[in-house]
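Trainee: Here you go, one structure.
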Amino acid sequence: MAENLNLFTSTQAVIQEALQKLGYDESMYELLKEPLRMLEVRIPVKMDDGSVKVFTGYRAQHNDAVGPTKGGVRFHPQVSEEEVKALSMWMTLKAGIVDLPYGGGKGGVICDPRQMSMGEVERLSRGYVRATSQIVGPTKDIPAPDVFTNSQIMAWMMDEYSRMDEFNSPGFITGKPIVLGGSQGRDRATAQGVTIVIEEAAKRKNIDIKGARVVIQGFGNAGSFLAKFMSDLGAKVIAISDAYGALHDPEGLDIDYLLDRRDSFGTVTTLFENTITNQELLELDCDILVPAAIENQITADNAHNIQAKIVVEAANGPTTTEATKILYDRGILLVPDVLASAGGVTVSYFEWVQNNQGYYWSEEEVNEKLLKKMVEAFDNVYNVAETRNIDMRLAAYMVGVRKTAEASRFRGWV
Ligand SMILES: NC(=O)C1=CN([C@@H]2O[C@H](COP(=O)(O)OP(=O)(O)OC[C@H]3O[C@@H](n4cnc5c(N)ncnc54)[C@H](O)[C@@H]3O)[C@@H](O)[C@H]2O)C=CC1
Ligand SMILES: O=C(O)CCC(=O)C(=O)O
């Protein structure tokens with residue numbers, strides 16, 4: 001039978017298993033198997049050549065029993081309704097795992113910002129906010145950056161919302177530039193969180209980070225900061241990649257040089273000739289493999305060939321359910337996305353708290369609070385996995401779904 005590559009239905013299956021293991025009945029699954037709200041919008045944008053292009057966008061709100069929904073907005077050609085739904089469900093799980101007062105939300109627009117001018121991207125970003133304005137807001141649903149969106153786009157979105165609201169609303173969105181109320185450390189928070197869980201996982205597997213061989217797929221916000229942090233800790237980053245190919249040097253790549261040369265979409269390999277493919281990168285001999293780009297990269301087709309001892313998912317959904325089982329059976333420790341990449345939303349929460357109180361923290365304060373949250377979350381999930389003899393993904397779903405399930409129960413929804 002063909003492997004299930006559908007992110008939405010495969011997420012549903014793990015949520016169902018997690019709820020069963022926690023002792024909830026079928027009605028809880030009925031509530032949590034889909035987002036409570038899903039808005040599809042069409043956004044007309046005046047292009048630079050005078051034509052009008054109409055883009056399709058989405059915003060999914062999985063569950064708001066705990067608090068406002070929260071999650072990034074993705075600008076990518078492969079965005080789809082089902083992908084956005086799955087991403088919103090993963091945000092609920094992340095918020096539960098790091099214990100934030102949020103439910104999960106997520107948005108996306110089908111577009112390729114790499115082929116658009118800055119002006120076109122600005123008009124699209126403002127159009128997205130106008131189109132979704134009825135369901136988003138600082139106490140309803142708080143967007144943030146994701147694939148191919150960044151702090152400049154957050155600034156335009158915040159400005160558009162503030163103009164409509166006739167009020168400066170920094171808490172409407174996170175991942176903003178610091179001068180507009182962004183938090184210290186948000187730009188590197190996802191990678192910082194991934195670094196913390198890599199250190200925790202390495203301890204469990206008796207791997208010394210100093211000298212460990214690390215392979216990273218993706219060289220954008222998550223992947224590039226991670227490469228820097230890993231090489232600063234003395235690891236050898238032997239391969240990195242972007243959408244066009246991968247660079248490999250068994251002696252270790254010069255990360256500072258590559259950071260200097262990459263563009264704002266995380267592209268760098270196009271400057272080199274001796275590249276390998278993203279698929280070859282995943283199967284390289286290494287200690288730690290970090291998929292930090294897109295979904296469905298480790299599947300039943302290549303899971304048997306993964307040589308890493310630890311796989312840490314910085315990206316959302318890079319490993320299929322079947323591949324998760326194969327890696328588990330092979331004794332490879334997989335730290336799942338909903339735990340590993342939760343550093344981003346954690347510091348987004350810190351940003352929102354700072355916006356709400358109008359008092360801003362130092363980078364040391366942010367880092368200290370992030371470290372505490374991530375270590376606690378890792379311990380929690382790891383212990384559930386060990387005690388129950390299950391893989392860390394199922395354990396993370398059990399930890400992550402509980403808060404929303406309980407809040408829904410207390411509210412009398414189920
Ligand atoms: N930015 C954040 O705070 C967070 C990001 N994530 C996840 O991390 C992953 C990467 O996100 P960011 O680094 O923010 O995005 P980004 O837009 O900064 O970088 C994306 C990277 O992926 C590469 N890429 C794009 N399409 C690809 C393809 N088809 N094959 C191989 N590589 C491809 C790009 O070339 C780029 O290097 C995504 O799954 C995202 O959802 C998760 C949590 C938070
Ligand atoms: O920072 C946030 O609020 C959300 C980050 C996000 O979209 C994610 O973790 O996938």
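Each chain in the structure tokens gets a letter, A, B, ..., in the order shown, and its residues are numbered from 1; ligands are numbered from 1 in order too.
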Return as JSON lines the residues of chain A lying at most 9 Å from ligand 2, together with the closest atom-to-atom pair for each and the distance in Å to one decimal, counting only C-alpha atoms and all ligand atoms, with rows in chain order and ascending residue number.
Mentor:
{"residue": "A:Lys70", "atom": "CA", "partner": "ligand 2", "partner_atom_place_in_ligand_line": "3 (O)", "distance": 5.3}
{"residue": "A:Gly71", "atom": "CA", "partner": "ligand 2", "partner_atom_place_in_ligand_line": "4 (C)", "distance": 3.7}
{"residue": "A:Gly72", "atom": "CA", "partner": "ligand 2", "partner_atom_place_in_ligand_line": "7 (O)", "distance": 3.4}
{"residue": "A:Val73", "atom": "CA", "partner": "ligand 2", "partner_atom_place_in_ligand_line": "7 (O)", "distance": 6.7}
{"residue": "A:Arg74", "atom": "CA", "partner": "ligand 2", "partner_atom_place_in_ligand_line": "7 (O)", "distance": 8.1}
{"residue": "A:Leu87", "atom": "CA", "partner": "ligand 2", "partner_atom_place_in_ligand_line": "10 (O)", "distance": 6.9}
{"residue": "A:Ser88", "atom": "CA", "partner": "ligand 2", "partner_atom_place_in_ligand_line": "10 (O)", "distance": 8.2}
{"residue": "A:Trp90", "atom": "CA", "partner": "ligand 2", "partner_atom_place_in_ligand_line": "10 (O)", "distance": 7.5}
{"residue": "A:Met91", "atom": "CA", "partner": "ligand 2", "partner_atom_place_in_ligand_line": "9 (O)", "distance": 6.2}
{"residue": "A:Lys94", "atom": "CA", "partner": "ligand 2", "partner_atom_place_in_ligand_line": "9 (O)", "distance": 7.2}
{"residue": "A:Ala95", "atom": "CA", "partner": "ligand 2", "partner_atom_place_in_ligand_line": "9 (O)", "distance": 9.0}
{"residue": "A:Gly104", "atom": "CA", "partner": "ligand 2", "partner_atom_place_in_ligand_line": "4 (C)", "distance": 8.9}
{"residue": "A:Gly105", "atom": "CA", "partner": "ligand 2", "partner_atom_place_in_ligand_line": "7 (O)", "distance": 8.1}
{"residue": "A:Lys106", "atom": "CA", "partner": "ligand 2", "partner_atom_place_in_ligand_line": "7 (O)", "distance": 6.5}
{"residue": "A:Gly107", "atom": "CA", "partner": "ligand 2", "partner_atom_place_in_ligand_line": "7 (O)", "distance": 8.5}
{"residue": "A:Ile142", "atom": "CA", "partner": "ligand 2", "partner_atom_place_in_ligand_line": "3 (O)", "distance": 6.9}
{"residue": "A:Pro143", "atom": "CA", "partner": "ligand 2", "partner_atom_place_in_ligand_line": "3 (O)", "distance": 6.0}
{"residue": "A:Ala144", "atom": "CA", "partner": "ligand 2", "partner_atom_place_in_ligand_line": "3 (O)", "distance": 4.7}
{"residue": "A:Pro145", "atom": "CA", "partner": "ligand 2", "partner_atom_place_in_ligand_line": "7 (O)", "distance": 6.3}
{"residue": "A:Asp146", "atom": "CA", "partner": "ligand 2", "partner_atom_place_in_ligand_line": "7 (O)", "distance": 5.3}
{"residue": "A:Val147", "atom": "CA", "partner": "ligand 2", "partner_atom_place_in_ligand_line": "7 (O)", "distance": 8.6}
{"residue": "A:Ile173", "atom": "CA", "partner": "ligand 2", "partner_atom_place_in_ligand_line": "3 (O)", "distance": 8.1}
{"residue": "A:Thr174", "atom": "CA", "partner": "ligand 2", "partner_atom_place_in_ligand_line": "3 (O)", "distance": 6.4}
{"residue": "A:Gly175", "atom": "CA", "partner": "ligand 2", "partner_atom_place_in_ligand_line": "1 (O)", "distance": 6.7}
{"residue": "A:Arg186", "atom": "CA", "partner": "ligand 2", "partner_atom_place_in_ligand_line": "1 (O)", "distance": 8.1}
{"residue": "A:Ala189", "atom": "CA", "partner": "ligand 2", "partner_atom_place_in_ligand_line": "1 (O)", "distance": 8.9}
{"residue": "A:Thr190", "atom": "CA", "partner": "ligand 2", "partner_atom_place_in_ligand_line": "9 (O)", "distance": 7.7}
{"residue": "A:Ala315", "atom": "CA", "partner": "ligand 2", "partner_atom_place_in_ligand_line": "10 (O)", "distance": 7.9}
{"residue": "A:Asn316", "atom": "CA", "partner": "ligand 2", "partner_atom_place_in_ligand_line": "10 (O)", "distance": 6.4}
{"residue": "A:Asp337", "atom": "CA", "partner": "ligand 2", "partner_atom_place_in_ligand_line": "9 (O)", "distance": 8.6}
{"residue": "A:Val338", "atom": "CA", "partner": "ligand 2", "partner_atom_place_in_ligand_line": "9 (O)", "distance": 7.7}
{"residue": "A:Ser341", "atom": "CA", "partner": "ligand 2", "partner_atom_place_in_ligand_line": "9 (O)", "distance": 6.0}
{"residue": "A:Ala342", "atom": "CA", "partner": "ligand 2", "partner_atom_place_in_ligand_line": "9 (O)", "distance": 5.6}
{"residue": "A:Gly343", "atom": "CA", "partner": "ligand 2", "partner_atom_place_in_ligand_line": "9 (O)", "distance": 7.5}
{"residue": "A:Gly344", "atom": "CA", "partner": "ligand 2", "partner_atom_place_in_ligand_line": "1 (O)", "distance": 4.7}
{"residue": "A:Val345", "atom": "CA", "partner": "ligand 2", "partner_atom_place_in_ligand_line": "1 (O)", "distance": 3.6}
{"residue": "A:Thr346", "atom": "CA", "partner": "ligand 2", "partner_atom_place_in_ligand_line": "1 (O)", "distance": 7.0}
{"residue": "A:Val347", "atom": "CA", "partner": "ligand 2", "partner_atom_place_in_ligand_line": "1 (O)", "distance": 7.0}
{"residue": "A:Ser348", "atom": "CA", "partner": "ligand 2", "partner_atom_place_in_ligand_line": "1 (O)", "distance": 4.6}
{"residue": "A:Tyr349", "atom": "CA", "partner": "ligand 2", "partner_atom_place_in_ligand_line": "3 (O)", "distance": 6.9}
Trainee: Keeping C-alpha atoms, export the residues of the selection given above as a PDB file, in the first residue's frame.
Mentor:
ATOM      1  CA  LYS A  70      -1.066  31.577  17.337  1.00  0.00           C
ATOM      2  CA  GLY A  71       1.115  30.605  14.418  1.00  0.00           C
ATOM      3  CA  GLY A  72       3.067  31.757  11.399  1.00  0.00           C
ATOM      4  CA  VAL A  73       2.107  32.748   7.866  1.00  0.00           C
ATOM      5  CA  ARG A  74       3.855  30.967   5.014  1.00  0.00           C
ATOM      6  CA  LEU A  87       0.264  23.238  10.509  1.00  0.00           C
ATOM      7  CA  SER A  88      -2.407  24.802  12.758  1.00  0.00           C
ATOM      8  CA  TRP A  90       0.888  21.241  15.154  1.00  0.00           C
ATOM      9  CA  MET A  91       0.801  24.754  16.657  1.00  0.00           C
ATOM     10  CA  LYS A  94       3.680  23.050  20.347  1.00  0.00           C
ATOM     11  CA  ALA A  95       1.843  25.496  22.619  1.00  0.00           C
ATOM     12  CA  GLY A 104      -2.846  26.664  17.362  1.00  0.00           C
ATOM     13  CA  GLY A 105      -3.301  28.790  14.252  1.00  0.00           C
ATOM     14  CA  LYS A 106      -1.510  29.015  10.932  1.00  0.00           C
ATOM     15  CA  GLY A 107      -1.766  30.862   7.643  1.00  0.00           C
ATOM     16  CA  ILE A 142      -1.625  36.259  16.418  1.00  0.00           C
ATOM     17  CA  PRO A 143       0.412  35.607  13.248  1.00  0.00           C
ATOM     18  CA  ALA A 144       4.225  35.320  12.965  1.00  0.00           C
ATOM     19  CA  PRO A 145       6.903  34.484  10.353  1.00  0.00           C
ATOM     20  CA  ASP A 146       7.295  31.107   8.654  1.00  0.00           C
ATOM     21  CA  VAL A 147       8.735  29.921   5.323  1.00  0.00           C
ATOM     22  CA  ILE A 173       1.841  39.961  15.256  1.00  0.00           C
ATOM     23  CA  THR A 174       5.233  38.644  16.438  1.00  0.00           C
ATOM     24  CA  GLY A 175       8.617  38.364  14.768  1.00  0.00           C
ATOM     25  CA  ARG A 186      13.095  36.128  18.192  1.00  0.00           C
ATOM     26  CA  ALA A 189      14.751  31.614  18.645  1.00  0.00           C
ATOM     27  CA  THR A 190      13.761  28.617  16.534  1.00  0.00           C
ATOM     28  CA  ALA A 315      11.120  21.935  10.019  1.00  0.00           C
ATOM     29  CA  ASN A 316       7.444  21.197  10.396  1.00  0.00           C
ATOM     30  CA  ASP A 337       8.963  19.027  15.136  1.00  0.00           C
ATOM     31  CA  VAL A 338       6.290  19.923  17.694  1.00  0.00           C
ATOM     32  CA  SER A 341      10.944  23.788  16.726  1.00  0.00           C
ATOM     33  CA  ALA A 342       8.873  25.185  19.604  1.00  0.00           C
ATOM     34  CA  GLY A 343      11.536  27.782  20.454  1.00  0.00           C
ATOM     35  CA  GLY A 344      10.125  30.119  17.795  1.00  0.00           C
ATOM     36  CA  VAL A 345       6.610  30.278  19.200  1.00  0.00           C
ATOM     37  CA  THR A 346       8.012  30.431  22.736  1.00  0.00           C
ATOM     38  CA  VAL A 347       9.898  33.652  22.053  1.00  0.00           C
ATOM     39  CA  SER A 348       6.907  34.888  20.021  1.00  0.00           C
ATOM     40  CA  TYR A 349       4.917  34.467  23.214  1.00  0.00           C
TER      41      TYR A 349
END
Trainee: I'd like the contact shell of Gly317 in chain A - 8 Å cut-off, only C-alpha atoms, skipping same-chain residues fewer than 6 positions apart - returned as a list of chain:residue names.
Mentor: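 Once the nearby chain positions are removed, what remains is A:Leu7, A:Ile294, A:Glu295, A:Asn296, A:Asp337.
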Trainee: Contacts of Ile43 in chain A at 12 Å or less, counting only C-alpha atoms, minus same-chain residues fewer than 3 places along, as a PyMOL selection string?
Mentor: chain A and resi 40+46+52-58+108-111+120-121+123-132
Trainee: Would you list, as a PyMOL selection string, the residues of range 163-403 of chain A that end up in strand (DSSP E or B) under DSSP run on this structure's backbone?
Mentor: chain A and resi 213-217+236-242+245-248+276+288-291+298+310-312+319+333-335
Trainee: Report as number ranges by chain all protein, DNA and RNA residues lying within 10 Å of Ser169 in chain A, evaluated on only C-alpha atoms, omitting residues in the same chain fewer than 4 positions from it.
Mentor: A: 137-138, 158-163, 165, 173, 180-181, 355-356
Trainee: Would you pick out the contacts of Ser362 in chain A at 7 Å or less, using only C-alpha atoms, so that residues sharing its chain but fewer than 3 positions from it are not included, and give the list as a PDB file with all heavy atoms, in the first residue's frame?
Mentor:
ATOM      1  N   GLN A 184      13.974  40.824  21.593  1.00  0.00           N
ATOM      2  CA  GLN A 184      15.352  40.353  21.474  1.00  0.00           C
ATOM      3  C   GLN A 184      15.292  38.847  21.266  1.00  0.00           C
ATOM      4  O   GLN A 184      14.517  38.158  21.923  1.00  0.00           O
ATOM      5  CB  GLN A 184      16.142  40.636  22.770  1.00  0.00           C
ATOM      6  CG  GLN A 184      16.305  42.089  23.115  1.00  0.00           C
ATOM      7  CD  GLN A 184      17.226  42.816  22.134  1.00  0.00           C
ATOM      8  OE1 GLN A 184      17.993  42.197  21.404  1.00  0.00           O
ATOM      9  NE2 GLN A 184      17.132  44.136  22.115  1.00  0.00           N
ATOM     10  N   GLU A 365      17.721  37.737  29.394  1.00  0.00           N
ATOM     11  CA  GLU A 365      16.471  37.312  30.042  1.00  0.00           C
ATOM     12  C   GLU A 365      15.673  36.378  29.128  1.00  0.00           C
ATOM     13  O   GLU A 365      15.143  35.346  29.566  1.00  0.00           O
ATOM     14  CB  GLU A 365      15.608  38.553  30.305  1.00  0.00           C
ATOM     15  CG  GLU A 365      15.527  38.951  31.750  1.00  0.00           C
ATOM     16  CD  GLU A 365      14.723  40.220  31.905  1.00  0.00           C
ATOM     17  OE1 GLU A 365      15.147  41.276  31.371  1.00  0.00           O
ATOM     18  OE2 GLU A 365      13.656  40.163  32.558  1.00  0.00           O
ATOM     19  N   VAL A 366      15.593  36.757  27.847  1.00  0.00           N
ATOM     20  CA  VAL A 366      14.855  35.936  26.882  1.00  0.00           C
ATOM     21  C   VAL A 366      15.500  34.555  26.788  1.00  0.00           C
ATOM     22  O   VAL A 366      14.812  33.519  26.866  1.00  0.00           O
ATOM     23  CB  VAL A 366      14.834  36.626  25.492  1.00  0.00           C
ATOM     24  CG1 VAL A 366      14.293  35.685  24.423  1.00  0.00           C
ATOM     25  CG2 VAL A 366      14.007  37.908  25.541  1.00  0.00           C
TER      26      VAL A 366
END
Trainee: Could the residues of range 250-276 of chain A that have an atom at most 10 Å from range 218-233 of chain A be listed as a Markdown table, each with its closest atom pair and the distance in Å to one decimal, counting only C-alpha atoms and ordered by chain and ascending residue number?
Mentor:
| residue | atom | partner | partner_atom | distance |
| --- | --- | --- | --- | --- |
| A:Gly252 | CA | A:Ser231 | CA | 9.0 |
| A:Leu253 | CA | A:Ser231 | CA | 9.2 |
| A:Asp254 | CA | A:Ser231 | CA | 9.0 |
| A:Ile255 | CA | A:Lys228 | CA | 6.3 |
| A:Asp256 | CA | A:Lys228 | CA | 7.2 |
| A:Leu258 | CA | A:Ser224 | CA | 8.8 |
| A:Leu259 | CA | A:Ser224 | CA | 6.9 |
| A:Arg262 | CA | A:Phe219 | CA | 8.1 |
| A:Asp263 | CA | A:Gly220 | CA | 8.9 |
| A:Ser264 | CA | A:Gly220 | CA | 7.7 |
| A:Phe265 | CA | A:Gly220 | CA | 6.3 |
| A:Gly266 | CA | A:Gly220 | CA | 4.0 |
| A:Thr267 | CA | A:Phe219 | CA | 6.9 |
| A:Val268 | CA | A:Phe219 | CA | 7.9 |
| A:Thr269 | CA | A:Phe219 | CA | 9.6 |
Trainee: Need to verify the contact set: Ile332 in chain A, 7 Å, only C-alpha atoms, exclusion of same-chain residues closer than 4 positions in sequence. Can you return it as number ranges by chain?
Mentor: A: 309-310, 327-328
Trainee: Within 9 Å of Thr277 in chain A, counting only C-alpha atoms, which residues qualify if same-chain residues fewer than 6 places away don't, as a list in words?
Mentor: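 Answer for this query is Ser241, Tyr244, Gly245, Ala246 and Leu247 of chain A.
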Trainee: Please compute the CA of Phe378 in chain A-CA of Asp391 in chain A distance, one decimal, in Å.
Mentor: 13.2 Å
